[in-house]
$ cat run.tsv   # TSV, C-alpha atoms
chain	number	residue	atom	x	y	z
Z	115	MET	CA	134.68	139.33	98.10
Z	116	ARG	CA	136.32	137.10	100.66
Z	117	THR	CA	133.61	137.90	103.21
Z	118	GLY	CA	130.99	136.93	100.66
Z	119	GLY	CA	132.68	133.59	100.11
Z	120	VAL	CA	132.78	132.87	103.82
Z	121	VAL	CA	129.12	133.76	104.17
Z	122	LEU	CA	128.23	131.44	101.32
Z	123	ALA	CA	130.31	128.64	102.82
Z	124	LEU	CA	128.66	129.13	106.21
Z	125	ALA	CA	125.23	129.13	104.60
Z	126	ALA	CA	126.02	125.87	102.82
Z	127	LEU	CA	127.29	124.32	106.03
Z	128	LEU	CA	124.19	125.39	107.95
Z	129	ALA	CA	121.96	123.98	105.22
Z	130	LEU	CA	123.82	120.68	105.43
Z	131	VAL	CA	123.49	120.56	109.22
Z	132	ALA	CA	119.78	121.34	109.01
Z	133	ALA	CA	119.21	118.66	106.37
Z	134	THR	CA	121.04	116.10	108.48
Z	135	ALA	CA	119.04	116.99	111.58
Z	136	CYS	CA	115.63	116.96	109.90
Z	137	GLY	CA	115.98	114.52	107.06
Z	138	GLY	CA	115.54	111.22	108.89
Z	139	ASP	CA	117.12	108.37	107.00
Z	140	LYS	CA	116.27	108.47	103.35
Z	141	GLY	CA	119.90	108.19	102.36
Z	142	GLY	CA	120.55	105.16	104.51
Z	143	GLY	CA	123.28	102.64	103.98
Z	144	PRO	CA	126.66	102.34	105.52
Z	145	GLY	CA	127.88	105.60	106.94
Z	146	GLY	CA	124.53	107.26	106.26
Z	147	PRO	CA	122.78	109.66	108.55
Z	148	GLN	CA	121.52	108.51	111.92
Z	149	ILE	CA	118.16	106.74	111.75
Z	150	THR	CA	115.42	108.74	113.40
Z	151	VAL	CA	112.71	106.49	114.83
Z	152	PRO	CA	109.67	107.83	116.69
Z	153	PRO	CA	109.75	106.99	120.41
Z	154	GLY	CA	108.12	103.65	121.21
Z	155	ALA	CA	108.22	102.38	117.63
Z	156	THR	CA	108.79	98.65	117.33
Z	157	GLY	CA	109.86	96.57	114.39
Z	158	SER	CA	107.92	94.21	112.17
Z	159	GLN	CA	106.98	90.66	113.15
Z	160	HIS	CA	106.96	88.49	110.05
Z	161	VAL	CA	107.95	84.97	110.99
Z	162	LEU	CA	107.61	81.57	109.36
Z	163	GLY	CA	108.14	78.37	111.30
Z	164	SER	CA	108.03	77.03	114.79
Z	165	PRO	CA	109.31	79.02	117.79
Z	166	GLN	CA	110.87	75.70	118.90
Z	167	ALA	CA	113.00	75.40	115.76
Z	168	PRO	CA	116.70	74.98	116.65
Z	169	ILE	CA	117.81	77.45	113.99
Z	170	GLU	CA	116.71	81.07	113.72
Z	171	LEU	CA	117.44	82.68	110.35
Z	172	ILE	CA	116.89	86.43	110.16
Z	173	GLU	CA	116.99	88.18	106.80
Z	174	TYR	CA	117.33	91.95	106.46
Z	175	ALA	CA	116.17	92.87	102.97
Z	176	ASP	CA	115.44	95.74	100.64
Z	177	PHE	CA	112.76	95.00	98.05
Z	178	GLN	CA	114.78	96.95	95.49
C	176	MET	CA	118.72	88.02	95.53
C	177	PHE	CA	118.10	85.65	98.42
C	178	ALA	CA	114.34	85.96	98.71
C	179	ARG	CA	113.71	85.10	95.09
C	180	SER	CA	116.24	82.34	94.63
C	181	ALA	CA	116.55	80.54	97.95
C	182	SER	CA	113.45	81.16	100.05
C	183	PRO	CA	111.11	78.62	98.43
C	184	GLN	CA	113.59	75.77	98.94
C	185	LEU	CA	114.47	76.98	102.43
C	186	ILE	CA	110.83	77.06	103.45
C	187	GLU	CA	110.06	73.63	102.03
C	188	GLU	CA	113.12	71.86	103.36
C	189	TYR	CA	113.77	73.54	106.69
C	190	VAL	CA	110.92	75.81	107.80
C	191	ASN	CA	108.06	73.42	107.10
C	192	THR	CA	109.97	70.60	108.80
C	193	GLY	CA	110.45	72.55	112.04
C	194	LYS	CA	114.22	72.97	111.75
C	195	VAL	CA	114.37	76.68	110.92
C	196	ARG	CA	112.43	79.70	112.09
C	197	TYR	CA	112.66	82.35	109.38
C	198	VAL	CA	112.29	86.02	110.27
C	199	PHE	CA	111.97	88.76	107.65
C	200	LYS	CA	113.07	92.32	108.48
C	201	TYR	CA	113.14	95.51	106.42
C	202	PHE	CA	116.39	97.29	105.64
C	203	PRO	CA	115.46	99.87	103.00
C	204	PHE	CA	118.46	101.89	101.88
C	205	LEU	CA	118.27	102.30	98.11
C	206	GLY	CA	115.93	105.28	98.02
C	207	ASP	CA	112.30	106.24	98.33
C	208	GLU	CA	110.97	103.23	96.43
C	209	SER	CA	112.56	100.95	99.03
C	210	TYR	CA	110.57	102.69	101.76
C	211	TYR	CA	107.35	102.71	99.74
C	212	ALA	CA	107.68	98.97	99.09
C	213	ALA	CA	108.32	98.16	102.74
C	214	GLU	CA	105.42	100.28	103.94
C	215	ALA	CA	103.14	98.81	101.26
C	216	SER	CA	104.02	95.34	102.55
C	217	GLU	CA	102.80	96.37	105.97
C	218	CYS	CA	99.58	97.64	104.40
C	219	ALA	CA	99.16	94.21	102.81
C	220	SER	CA	99.92	92.65	106.18
C	221	ASP	CA	97.04	94.65	107.65
C	222	GLN	CA	94.83	92.64	105.32
C	223	GLY	CA	96.51	89.32	106.10
C	224	LYS	CA	98.50	89.10	102.87
C	225	PHE	CA	102.05	90.01	103.87
C	226	TRP	CA	103.82	86.96	102.42
C	227	GLU	CA	101.81	87.01	99.21
C	228	TYR	CA	102.64	90.68	98.71
C	229	HIS	CA	106.27	90.10	99.68
C	230	ASP	CA	106.56	87.38	97.02
C	231	LEU	CA	104.86	89.54	94.42
C	232	LEU	CA	107.24	92.45	95.03
C	233	PHE	CA	110.28	90.25	94.58
C	234	ALA	CA	108.72	88.79	91.45
C	235	ARG	CA	108.15	92.29	90.04
C	236	TRP	CA	111.64	93.54	90.84
C	237	GLN	CA	113.30	95.08	87.78
C	238	GLY	CA	116.12	97.11	89.25
C	239	GLU	CA	116.94	100.03	91.49
C	240	GLY	CA	114.94	103.23	91.14
C	241	VAL	CA	113.16	102.26	87.93
C	242	GLY	CA	109.66	103.08	89.14
C	243	THR	CA	108.52	99.54	89.89
C	244	PHE	CA	107.79	100.41	93.50
C	245	LEU	CA	106.27	103.84	93.20
C	246	PRO	CA	102.98	104.23	95.13
C	247	ASP	CA	100.68	103.85	92.13
C	248	LYS	CA	102.40	100.63	91.10
C	249	LEU	CA	102.27	99.30	94.64
C	250	LYS	CA	98.54	100.03	94.78
C	251	GLY	CA	98.12	98.13	91.53
C	252	TYR	CA	99.85	95.08	92.98
C	253	ALA	CA	97.40	95.18	95.88
C	254	GLY	CA	94.61	94.92	93.34
C	255	GLU	CA	96.24	91.90	91.74
C	256	LEU	CA	96.06	90.13	95.10
C	257	ALA	CA	92.41	91.10	95.49
C	258	LEU	CA	93.11	93.25	98.53
C	259	ASP	CA	90.73	96.03	99.52
C	260	THR	CA	92.41	98.60	97.29
C	261	GLU	CA	90.74	101.61	98.88
C	262	ALA	CA	91.91	100.62	102.34
C	263	PHE	CA	95.34	99.77	100.96
C	264	ALA	CA	95.70	103.14	99.24
C	265	GLY	CA	94.63	104.96	102.38
C	266	CYS	CA	97.14	103.01	104.40
C	267	LEU	CA	100.01	103.64	102.00
C	268	ASP	CA	99.25	107.33	101.56
C	269	SER	CA	99.03	107.85	105.32
C	270	ARG	CA	102.61	106.53	105.85
C	271	ARG	CA	101.27	104.93	109.02
C	272	HIS	CA	103.83	102.12	108.91
C	273	GLU	CA	106.87	104.30	108.37
C	274	ALA	CA	107.87	104.09	112.04
C	275	MET	CA	107.81	100.29	112.00
C	276	VAL	CA	109.99	100.14	108.91
C	277	LEU	CA	112.43	102.63	110.42
C	278	ALA	CA	112.51	100.59	113.63
C	279	ASP	CA	113.53	97.52	111.63
C	280	LYS	CA	116.24	99.52	109.93
C	281	ARG	CA	117.46	100.89	113.25
C	282	ASP	CA	117.64	97.37	114.66
C	283	GLY	CA	119.52	96.21	111.60
C	284	ALA	CA	121.97	99.06	111.80
C	285	GLN	CA	122.55	98.29	115.48
C	286	ALA	CA	123.29	94.69	114.45
C	287	ALA	CA	125.85	96.02	111.93
C	288	VAL	CA	123.78	95.37	108.80
C	289	LYS	CA	125.46	97.21	105.94
C	290	TYR	CA	123.95	95.64	102.83
C	291	THR	CA	121.07	93.47	101.72
C	292	PRO	CA	120.32	90.74	101.96
C	293	THR	CA	122.10	90.24	105.28
C	294	LEU	CA	121.43	86.89	106.93
C	295	PHE	CA	121.89	86.03	110.59
C	296	LEU	CA	121.94	82.37	111.58
C	297	ASN	CA	121.42	82.05	115.33
C	298	GLY	CA	122.76	85.56	115.73
C	299	GLN	CA	125.83	85.21	113.52
C	300	VAL	CA	126.14	86.89	110.13
C	301	ILE	CA	126.47	84.26	107.39
C	302	SER	CA	125.98	86.43	104.31
C	303	PRO	CA	126.89	86.98	101.60
C	304	ILE	CA	125.38	83.70	100.48
C	305	ARG	CA	125.88	82.93	96.80
C	306	ASP	CA	123.24	80.20	96.42
C	307	TYR	CA	120.93	77.82	98.19
C	308	GLU	CA	123.54	75.06	98.46
C	309	GLN	CA	125.83	77.34	100.44
C	310	LEU	CA	122.97	78.33	102.74
C	311	LYS	CA	122.05	74.68	103.18
C	312	THR	CA	125.62	73.84	104.21
C	313	LYS	CA	125.53	76.61	106.84
C	314	ILE	CA	122.24	75.33	108.22
C	315	GLU	CA	123.38	71.71	108.27
C	316	ASP	CA	126.57	72.72	110.07
C	317	ALA	CA	124.53	74.55	112.69
C	318	LEU	CA	122.14	71.64	113.11
C	319	ALA	CA	125.12	69.32	113.61
C	320	GLY	CA	126.64	71.69	116.18
C	321	ARG	CA	129.63	72.47	113.98

$ encode --input "run.tsv" --output "structure tokens"
Amino acid sequence: MRTGGVVLALAALLALVAATACGGDKGGGPGGPQITVPPGATGSQHVLGSPQAPIELIEYADFQ
Amino acid sequence: MFARSASPQLIEEYVNTGKVRYVFKYFPFLGDESYYAAEASECASDQGKFWEYHDLLFARWQGEGVGTFLPDKLKGYAGELALDTEAFAGCLDSRRHEAMVLADKRDGAQAAVKYTPTLFLNGQVISPIRDYEQLKTKIEDALAGR
């Protein structure tokens, strides 16, 4: 009985580790899983205004 | 939400006058619809309509995880903007812009972004911003070197 419980616990732990390793970042947010980005990927480039403007305002947003 | 309430005034008063350079970055973290919406915006960008699509998404926002940004809806919005809907659907279904969106999120996480919207003014976090007047004060202070 006890052995069965340990096996189940180990199986659950392994499933959690596998999900973390393969799942990318769908959970996101503070303390979420590490973000997996393909090598060489670069971010978006959506800019309004002059490159000479004295102020740069960057907004990180979620459409939801 | 910053983009809906403050962006139009910001753009008119500071961006169009050469005082502010505004940069938009993705930080999807509220579930699959957040990712779909970000990737759909890139598909619109492929057709030269990023800002129009961006504005439409914020206008259509109804809440978190309510289905507003599921792929079929996002394809419908592309039609409203008279985009090439076949090309748009192919783009969205292919997930070809997922890496770019994830790269934005990685960059945000490295810059300690933990919520949205997060605003950086010349590299310093100034959010949360409650309204346009508060944002304006921050910008004016920076312009005055305060």

$ closest_atom_pairs --input "run.tsv" --of "chain C" --to "chain Z" --cutoff "6 Å" --atoms "only C-alpha atoms" --output "CSV"
residue,atom,partner,partner_atom,distance
C:Val190,CA,Z:Gly163,CA,5.2
C:Gly193,CA,Z:Ala167,CA,5.3
C:Lys194,CA,Z:Ala167,CA,4.8
C:Val195,CA,Z:Ile169,CA,4.7
C:Arg196,CA,Z:Gly163,CA,4.6
C:Tyr197,CA,Z:Leu171,CA,4.9
C:Val198,CA,Z:Val161,CA,4.5
C:Phe199,CA,Z:Glu173,CA,5.1
C:Lys200,CA,Z:Tyr174,CA,4.7
C:Tyr201,CA,Z:Ala175,CA,5.3
C:Phe202,CA,Z:Ala175,CA,5.2
C:Pro203,CA,Z:Asp176,CA,4.8
C:Phe204,CA,Z:Gly142,CA,4.7
C:Ser209,CA,Z:Gln178,CA,5.8
C:Glu239,CA,Z:Gln178,CA,5.5
C:Ala274,CA,Z:Ala155,CA,5.9
C:Met275,CA,Z:Gly157,CA,4.9
C:Leu277,CA,Z:Val151,CA,5.9
C:Ala278,CA,Z:Gly157,CA,4.9
C:Asp279,CA,Z:Gly157,CA,4.7
C:Lys289,CA,Z:Pro144,CA,5.3
C:Thr291,CA,Z:Ala175,CA,5.1
C:Pro292,CA,Z:Ala175,CA,4.8
C:Thr293,CA,Z:Tyr174,CA,5.2
C:Leu294,CA,Z:Glu173,CA,4.6
C:Phe295,CA,Z:Ile172,CA,5.0
C:Leu296,CA,Z:Leu171,CA,4.7
C:Asn297,CA,Z:Glu170,CA,5.1

$ atom_distance --input "run.tsv" --atom1 "CA of Ala317 in chain C" --atom2 "CA of Ile186 in chain C"
16.7 Å

$ atom_distance --input "run.tsv" --atom1 "CA of Pro183 in chain C" --atom2 "CA of Trp226 in chain C"
11.8 Å

$ atom_distance --input "run.tsv" --atom1 "CA of Leu267 in chain C" --atom2 "CA of Asp221 in chain C"
11.0 Å

$ closest_residue --input "run.tsv" --among "C:Lys313, C:Pro246, C:Glu308, C:Asn191" --to "Arg270 in chain C" --atoms "all atoms listed in the file"
C:Pro246

$ residues_near_point --input "run.tsv" --point "(94.4, 101.5, 106.0)" --cutoff "12 Å" --atoms "only C-alpha atoms" --output "ChimeraX atom specification"
/C:214-222,258-272

$ residues_around --input "run.tsv" --residues "Glu208 in chain C" --least-positions-apart "5" --cutoff "7 Å" --atoms "only C-alpha atoms" --output "PyMOL selection string"
chain C and resi 240+244-245

$ closest_residue --input "run.tsv" --among "C:Arg321, C:Asp316, C:Leu310, C:Leu232" --to "Ser182 in chain C" --atoms "only C-alpha atoms"
C:Leu310

$ build_atoms --input "run.tsv" --residues "range 289-312 of chain C" --atoms "N, CA and C atoms" --output "PDB file, in the coordinates of the input"
ATOM      1  N   LYS C 289     124.909  96.176 106.828  1.00  0.00           N
ATOM      2  CA  LYS C 289     125.460  97.210 105.940  1.00  0.00           C
ATOM      3  C   LYS C 289     125.007  97.023 104.503  1.00  0.00           C
ATOM      4  N   TYR C 290     124.387  95.906 104.193  1.00  0.00           N
ATOM      5  CA  TYR C 290     123.950  95.640 102.830  1.00  0.00           C
ATOM      6  C   TYR C 290     122.784  94.656 102.898  1.00  0.00           C
ATOM      7  N   THR C 291     122.144  94.460 101.765  1.00  0.00           N
ATOM      8  CA  THR C 291     121.070  93.470 101.720  1.00  0.00           C
ATOM      9  C   THR C 291     121.287  92.506 100.555  1.00  0.00           C
ATOM     10  N   PRO C 292     120.846  91.261 100.699  1.00  0.00           N
ATOM     11  CA  PRO C 292     120.320  90.740 101.960  1.00  0.00           C
ATOM     12  C   PRO C 292     121.444  90.414 102.942  1.00  0.00           C
ATOM     13  N   THR C 293     121.210  90.699 104.225  1.00  0.00           N
ATOM     14  CA  THR C 293     122.100  90.240 105.280  1.00  0.00           C
ATOM     15  C   THR C 293     121.360  89.160 106.058  1.00  0.00           C
ATOM     16  N   LEU C 294     122.030  88.039 106.261  1.00  0.00           N
ATOM     17  CA  LEU C 294     121.430  86.890 106.930  1.00  0.00           C
ATOM     18  C   LEU C 294     122.146  86.610 108.236  1.00  0.00           C
ATOM     19  N   PHE C 295     121.349  86.429 109.291  1.00  0.00           N
ATOM     20  CA  PHE C 295     121.890  86.030 110.590  1.00  0.00           C
ATOM     21  C   PHE C 295     121.394  84.616 110.886  1.00  0.00           C
ATOM     22  N   LEU C 296     122.307  83.728 111.187  1.00  0.00           N
ATOM     23  CA  LEU C 296     121.940  82.370 111.580  1.00  0.00           C
ATOM     24  C   LEU C 296     122.275  82.219 113.054  1.00  0.00           C
ATOM     25  N   ASN C 297     121.263  82.074 113.872  1.00  0.00           N
ATOM     26  CA  ASN C 297     121.420  82.050 115.330  1.00  0.00           C
ATOM     27  C   ASN C 297     122.318  83.188 115.816  1.00  0.00           C
ATOM     28  N   GLY C 298     122.075  84.360 115.273  1.00  0.00           N
ATOM     29  CA  GLY C 298     122.760  85.560 115.730  1.00  0.00           C
ATOM     30  C   GLY C 298     124.060  85.878 115.038  1.00  0.00           C
ATOM     31  N   GLN C 299     124.558  84.979 114.198  1.00  0.00           N
ATOM     32  CA  GLN C 299     125.830  85.210 113.520  1.00  0.00           C
ATOM     33  C   GLN C 299     125.586  85.536 112.048  1.00  0.00           C
ATOM     34  N   VAL C 300     126.284  86.544 111.547  1.00  0.00           N
ATOM     35  CA  VAL C 300     126.140  86.890 110.130  1.00  0.00           C
ATOM     36  C   VAL C 300     126.737  85.776 109.272  1.00  0.00           C
ATOM     37  N   ILE C 301     125.965  85.301 108.295  1.00  0.00           N
ATOM     38  CA  ILE C 301     126.470  84.260 107.390  1.00  0.00           C
ATOM     39  C   ILE C 301     126.503  84.738 105.932  1.00  0.00           C
ATOM     40  N   SER C 302     125.975  85.922 105.672  1.00  0.00           N
ATOM     41  CA  SER C 302     125.980  86.430 104.310  1.00  0.00           C
ATOM     42  C   SER C 302     127.329  87.106 104.017  1.00  0.00           C
ATOM     43  N   PRO C 303     127.703  87.291 102.777  1.00  0.00           N
ATOM     44  CA  PRO C 303     126.890  86.980 101.600  1.00  0.00           C
ATOM     45  C   PRO C 303     126.822  85.489 101.303  1.00  0.00           C
ATOM     46  N   ILE C 304     125.630  85.085 100.877  1.00  0.00           N
ATOM     47  CA  ILE C 304     125.380  83.700 100.480  1.00  0.00           C
ATOM     48  C   ILE C 304     125.189  83.693  98.960  1.00  0.00           C
ATOM     49  N   ARG C 305     125.949  82.876  98.265  1.00  0.00           N
ATOM     50  CA  ARG C 305     125.880  82.930  96.800  1.00  0.00           C
ATOM     51  C   ARG C 305     124.735  82.104  96.215  1.00  0.00           C
ATOM     52  N   ASP C 306     124.331  81.020  96.942  1.00  0.00           N
ATOM     53  CA  ASP C 306     123.240  80.200  96.420  1.00  0.00           C
ATOM     54  C   ASP C 306     122.644  79.350  97.533  1.00  0.00           C
ATOM     55  N   TYR C 307     121.617  78.620  97.183  1.00  0.00           N
ATOM     56  CA  TYR C 307     120.930  77.820  98.190  1.00  0.00           C
ATOM     57  C   TYR C 307     121.826  76.728  98.772  1.00  0.00           C
ATOM     58  N   GLU C 308     122.670  76.134  97.968  1.00  0.00           N
ATOM     59  CA  GLU C 308     123.540  75.060  98.460  1.00  0.00           C
ATOM     60  C   GLU C 308     124.468  75.560  99.561  1.00  0.00           C
ATOM     61  N   GLN C 309     124.953  76.781  99.406  1.00  0.00           N
ATOM     62  CA  GLN C 309     125.830  77.340 100.440  1.00  0.00           C
ATOM     63  C   GLN C 309     125.037  77.591 101.727  1.00  0.00           C
ATOM     64  N   LEU C 310     123.823  78.104 101.569  1.00  0.00           N
ATOM     65  CA  LEU C 310     122.970  78.330 102.740  1.00  0.00           C
ATOM     66  C   LEU C 310     122.668  77.007 103.427  1.00  0.00           C
ATOM     67  N   LYS C 311     122.375  76.001 102.638  1.00  0.00           N
ATOM     68  CA  LYS C 311     122.050  74.680 103.180  1.00  0.00           C
ATOM     69  C   LYS C 311     123.229  74.129 103.995  1.00  0.00           C
ATOM     70  N   THR C 312     124.427  74.302 103.487  1.00  0.00           N
ATOM     71  CA  THR C 312     125.620  73.840 104.210  1.00  0.00           C
ATOM     72  C   THR C 312     125.730  74.540 105.560  1.00  0.00           C
TER      73      THR C 312
END
